[in-house]
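All remarks here apply to the structure that follows.
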Amino acid sequence: MKFGMKAAYLLFAAFVVVLFANPAIAAMGEIQSFTFKGTETDLLGMKETLKPDGKPDAHFVVSLRGVGAITGVELKALGTDRAWDTIPGNEKWGMIVRDGNGEDVTTASGSFSTKPFFAFLTLHLYVADDGTAFSEKREYEVSVSFMDGSAVTAKTTVPGMPDIFKPEEVEKVELPESEELSAVLLGIGDKDVVGKSEKINRDGVRDAHFKTRFNTVSVVEEISIRNVDGTSSAWDTVPGNGTWAIAVYTDGKLRNREDGSVKFAVEGDTTLDLWVADNGSIAAGATRYEVIVKFNDGTVLRKVAERQEVAKTAVDKGILSAVLIEPTRGDLTSRSEALRGDGKPDWKIALEMIAEGRIINFIVRGNDGASEWDTISGNGKWLVAVTDSLGNVLNESNGSISLNVSGKKEFDLWLTDNGTITEGDVKYKVLVVMSDGSILEKDVVRAKEGKEVSKAGMPSDRAQVSDKIRATYRGKGPMNYLKKAEVSSLLASADANPDAHVLLKLINIKGTIESITVKAKDGKSGTWDTIPGNGVWNIVVTRAASGGILSNTDGSFNMEVEGDTQLHLWLADNGNFGVAPEKFEVYVAFEDGRLLKNTIRK
């Protein structure tokens, strides 16, 4: 297969060389399909203006088959004088052409760059209109020209769209100067929509929120915010000048174009929500700012923003608890962005929250200004692995997440220590970023400071009951490995009493067992486990009832299982277990974070 692909590539390369050496032998292609896709994109303006104008463009798709080189594309609105092509400077309007990968085939001037193709090619055509062509239902004809002078055509029908392509009708409403514009600064808000750049990209930091209001009928062309005293500060919607962006919203809808610029019509009483990345001056509170709105008729409105801080408690309401737990099991991350372990257990943050919407990022951030983990792919920050209450990994293969939530949810966040967690001098926050830009935030509490998880690392109510874990009490003996205590070595002498015997069956389970625990349901009548050094009495694991110890000498137990597995558990009875084993549960913890449990049967 690889040889065949290589041979095809070499054949095509040779063909292209010959094609350009002798254009006369270029082969023709044929149009497989020609369709109208809609009016969602704004790439160009009227006539031959190849810059966005705030109005949607018509989008057509042409699929071709053959071997040759394309030299131009023309589109006609049949029954009208309107036509578009890729030849600048003529009477026809301009066109932007992109290939199937989204790369521009037309140059900055609108001319067509010769496009060789082999077998199949898809072209996306974008054209603007003033209402002449698209005001009613009509046919459109596309013509694709080849290097040998030949051309192929195809037709498609587009329904009338009389309102979409009409030009703006701008009318200025004169207001008293004192009432023209109002502006307030609401402080650091609960959204993250921009970063410290000209792009409208989130950076995981809550943005500052300005709100401005005016009453006019016009077209907004530019917005800027400048300091009038205090710290030098500037934000605007002008691309390419190096000034940080302003994200502009009306009624919850983002109005910025892809390059950060704005051009949109307003009709009467209008409120704009403006979001900017704080340069430190807004949080500091000692600087005043002026909001400036420019319109396409030359009118400029400006106002110094009145500061009206809002309560910051609202940003915490969605996260109920965030508890940091020392490594005992689960290895999903490493010192990288990759979703893979490094052989060392991860630190875990047990998260409980209430939210509605879609989560697009989890961030764990230290107060040292340097420690940060997240689920954003490609930003160089170490990964946060996310699992649900069943231990299922929720990250995509590149580490990113997109989770729809409704109501109360529990997640476990796994991360590799950068040195600050063990040292314990840094405090952390968990930030949950929603798709609408809102951020939920909560201080992380270490497990030893709360009641959610015991110091011993014993299983909690977060374990999932599973019928794949089946445990049966088999009485006392015949083996005797342990005494009534936690021993540091299984080579220590046992007491005179035969151990309690539990038969454990795992049904169709694949994974690596990291620990096994037997625990009373009342939390008081006894606990045994395979975790050394936590003060809990030991469990010895054997393959058969007659022996063959699988436990390590220090009492720990790790084993890879697949399918059906049968194990025998031995523990020193404390006087409660053998009397009522059905009042106890067995927990099995897996390396991937799953924690399954079931009641022991008698």
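How things are named: the first chain in the structure tokens is A, the next is B, and so on; residues count from 1 in each chain; ligands count from 1 in the order shown.
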Strand (DSSP E or B) per DSSP on the backbone: members of segment 233-429 of chain A, as a ChimeraX atom specification: /A:234-236,244-245,247-250,253-254,264-276,289-295,300-304,306-307,319-325,347-366,372-374,382-383,385-387,393,403-415,428-429
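Around Asp203 of chain A, within 9 Å and counting only C-alpha atoms, the residues found are Asp192, Val193, Val194, Gly195, Lys196, Arg206 and Ala277 of chain A, once anything fewer than 3 positions away on its own chain is removed.
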Using only C-alpha atoms, please write the residues we just selected to a file, as a compact mmCIF listing (two decimals), in the first residue's frame.
# COMPACT_ATOMS: atom_id res chain seq x y z
CA ASP A 192 -13.14 34.49 29.84
CA VAL A 193 -13.48 35.45 26.17
CA VAL A 194 -10.21 37.29 25.32
CA GLY A 195 -6.54 37.13 26.20
CA LYS A 196 -3.58 39.47 26.17
CA ARG A 206 -11.46 36.05 33.96
CA ALA A 277 -8.00 41.13 29.39
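Distance check against Lys483 of chain A using only C-alpha atoms: of A:Asp573, A:Asp425, A:Asp42, A:Asp148, the minimum falls on A:Asp573.
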Need the shell around Leu567 of chain A: protein/DNA/RNA residues with any atom at most 12 Å away, counting only C-alpha atoms. Skip same-chain ones fewer than 3 positions apart. Format as number ranges by chain? A: 469-472, 501-507, 513, 516, 539-551, 557, 559, 561, 564, 570, 588
Could you give me, as a PDB file with C-alpha atoms, in the first residue's frame, the residues within 6 Å of segment 77-92 of chain A, counting only C-alpha atoms and dropping anything in the same chain fewer than 3 positions from it?
ATOM      1  CA  VAL A  73     -13.227  30.501 -12.138  1.00  0.00           C
ATOM      2  CA  GLU A  74     -16.245  32.579 -13.187  1.00  0.00           C
ATOM      3  CA  MET A  95     -14.414  36.385  -5.863  1.00  0.00           C
ATOM      4  CA  GLY A 110      -8.189  38.573  -6.405  1.00  0.00           C
ATOM      5  CA  SER A 111      -6.329  36.826  -9.211  1.00  0.00           C
ATOM      6  CA  PHE A 112      -6.323  33.026  -9.454  1.00  0.00           C
ATOM      7  CA  GLU A 139     -29.996  29.940 -11.657  1.00  0.00           C
ATOM      8  CA  TYR A 140     -26.255  30.416 -11.299  1.00  0.00           C
TER       9      TYR A 140
END
Of the listed residues A:Gly391, A:Gly285, A:Gly68, A:Gly230, that which approaches Thr114 of chain A most closely, counting only C-alpha atoms: A:Gly68
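One finds atom CA of Met28 of chain A at 22.8 Å from atom CA of Glu103 of chain A.
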Please identify the helix (DSSP H, G or I) residues within segment 2-155 of chain A (assignment by DSSP from backbone atoms) and present them as a VMD selection string. chain A and resid 2 to 21 23 to 25
Would you please work out which residue, of A:Asn538, A:Ser281, A:Asn361, A:Thr270, is nearest to Ala208 of chain A when using only C-alpha atoms?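 Smallest distance to Ala208 of chain A is found for A:Ser281.
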Residues within 7 Å of segment 60-63 of chain A, please, as an mmCIF file with N, CA, C and O atoms, in the first residue's frame. Count only C-alpha atoms; anything in the same chain fewer than 5 positions from it doesn't count.
data_model
loop_
_atom_site.group_PDB
_atom_site.id
_atom_site.type_symbol
_atom_site.label_atom_id
_atom_site.label_comp_id
_atom_site.auth_asym_id
_atom_site.auth_seq_id
_atom_site.Cartn_x
_atom_site.Cartn_y
_atom_site.Cartn_z
ATOM 1 N N ILE A 31 -16.944 18.649 -13.949
ATOM 2 C CA ILE A 31 -17.568 19.051 -12.692
ATOM 3 C C ILE A 31 -18.480 17.929 -12.214
ATOM 4 O O ILE A 31 -19.415 17.532 -12.910
ATOM 5 N N GLN A 32 -18.202 17.422 -11.018
ATOM 6 C CA GLN A 32 -19.015 16.366 -10.434
ATOM 7 C C GLN A 32 -20.249 16.916 -9.727
ATOM 8 O O GLN A 32 -21.310 16.308 -9.755
ATOM 9 N N SER A 33 -20.097 18.074 -9.097
ATOM 10 C CA SER A 33 -21.239 18.703 -8.424
ATOM 11 C C SER A 33 -20.987 20.189 -8.259
ATOM 12 O O SER A 33 -19.837 20.640 -8.193
ATOM 13 N N PHE A 34 -22.071 20.958 -8.213
ATOM 14 C CA PHE A 34 -22.030 22.405 -8.008
ATOM 15 C C PHE A 34 -23.217 22.758 -7.119
ATOM 16 O O PHE A 34 -24.371 22.591 -7.511
ATOM 17 N N THR A 35 -22.951 23.209 -5.907
ATOM 18 C CA THR A 35 -24.015 23.422 -4.927
ATOM 19 C C THR A 35 -23.868 24.767 -4.228
ATOM 20 O O THR A 35 -22.760 25.312 -4.118
ATOM 21 N N PHE A 36 -24.983 25.289 -3.734
ATOM 22 C CA PHE A 36 -25.008 26.497 -2.917
ATOM 23 C C PHE A 36 -25.056 26.080 -1.451
ATOM 24 O O PHE A 36 -25.896 25.275 -1.052
ATOM 25 N N LYS A 37 -24.146 26.612 -0.627
ATOM 26 C CA LYS A 37 -24.015 26.167 0.766
ATOM 27 C C LYS A 37 -24.588 27.138 1.787
ATOM 28 O O LYS A 37 -24.707 26.799 2.954
ATOM 29 N N LEU A 121 -10.756 17.391 -6.852
ATOM 30 C CA LEU A 121 -10.468 18.691 -6.250
ATOM 31 C C LEU A 121 -11.795 19.356 -5.876
ATOM 32 O O LEU A 121 -12.771 19.292 -6.616
ATOM 33 N N THR A 122 -11.821 19.998 -4.709
ATOM 34 C CA THR A 122 -12.990 20.755 -4.259
ATOM 35 C C THR A 122 -12.605 22.223 -4.126
ATOM 36 O O THR A 122 -11.565 22.558 -3.543
ATOM 37 N N LEU A 123 -13.435 23.110 -4.677
ATOM 38 C CA LEU A 123 -13.223 24.546 -4.582
ATOM 39 C C LEU A 123 -14.422 25.188 -3.890
ATOM 40 O O LEU A 123 -15.575 24.853 -4.174
ATOM 41 N N HIS A 124 -14.144 26.117 -2.971
ATOM 42 C CA HIS A 124 -15.177 26.889 -2.287
ATOM 43 C C HIS A 124 -15.152 28.313 -2.839
ATOM 44 O O HIS A 124 -14.107 28.982 -2.806
ATOM 45 N N LEU A 125 -16.280 28.793 -3.346
ATOM 46 C CA LEU A 125 -16.380 30.116 -3.946
ATOM 47 C C LEU A 125 -17.194 31.032 -3.039
ATOM 48 O O LEU A 125 -18.274 30.654 -2.574
ATOM 49 N N TYR A 126 -16.673 32.243 -2.803
ATOM 50 C CA TYR A 126 -17.372 33.226 -1.969
ATOM 51 C C TYR A 126 -17.564 34.505 -2.788
ATOM 52 O O TYR A 126 -16.591 35.057 -3.347
#
What is the distance between atom CA of Gln464 of chain A and atom CA of Lys348 of chain A, in Å to one decimal? 17.3 Å
Name all residues at most 9 Å from Ser377 of chain A (count only C-alpha atoms; drop same-chain ones fewer than 6 positions away) and give them as a VMD selection string. chain A and resid 337 to 338 383 398 to 400
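Take atom CA of Val293 of chain A and atom CA of Glu222 of chain A: the distance between them is 6.1 Å.
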Nearest residue to Leu490 of chain A out of A:Ser525, A:Leu571, A:Gly475, A:Thr387, using only C-alpha atoms? A:Leu571
Counting only C-alpha atoms, what is within 9 Å of Arg257 of chain A, bar same-chain residues fewer than 3 positions away, as a VMD selection string? chain A and resid 42 52 54 200 254 260 to 263
Best match for closeness to Trp347 of chain A among A:Glu326, A:Asp368, A:Glu40, A:Glu267, counting only C-alpha atoms: A:Glu326
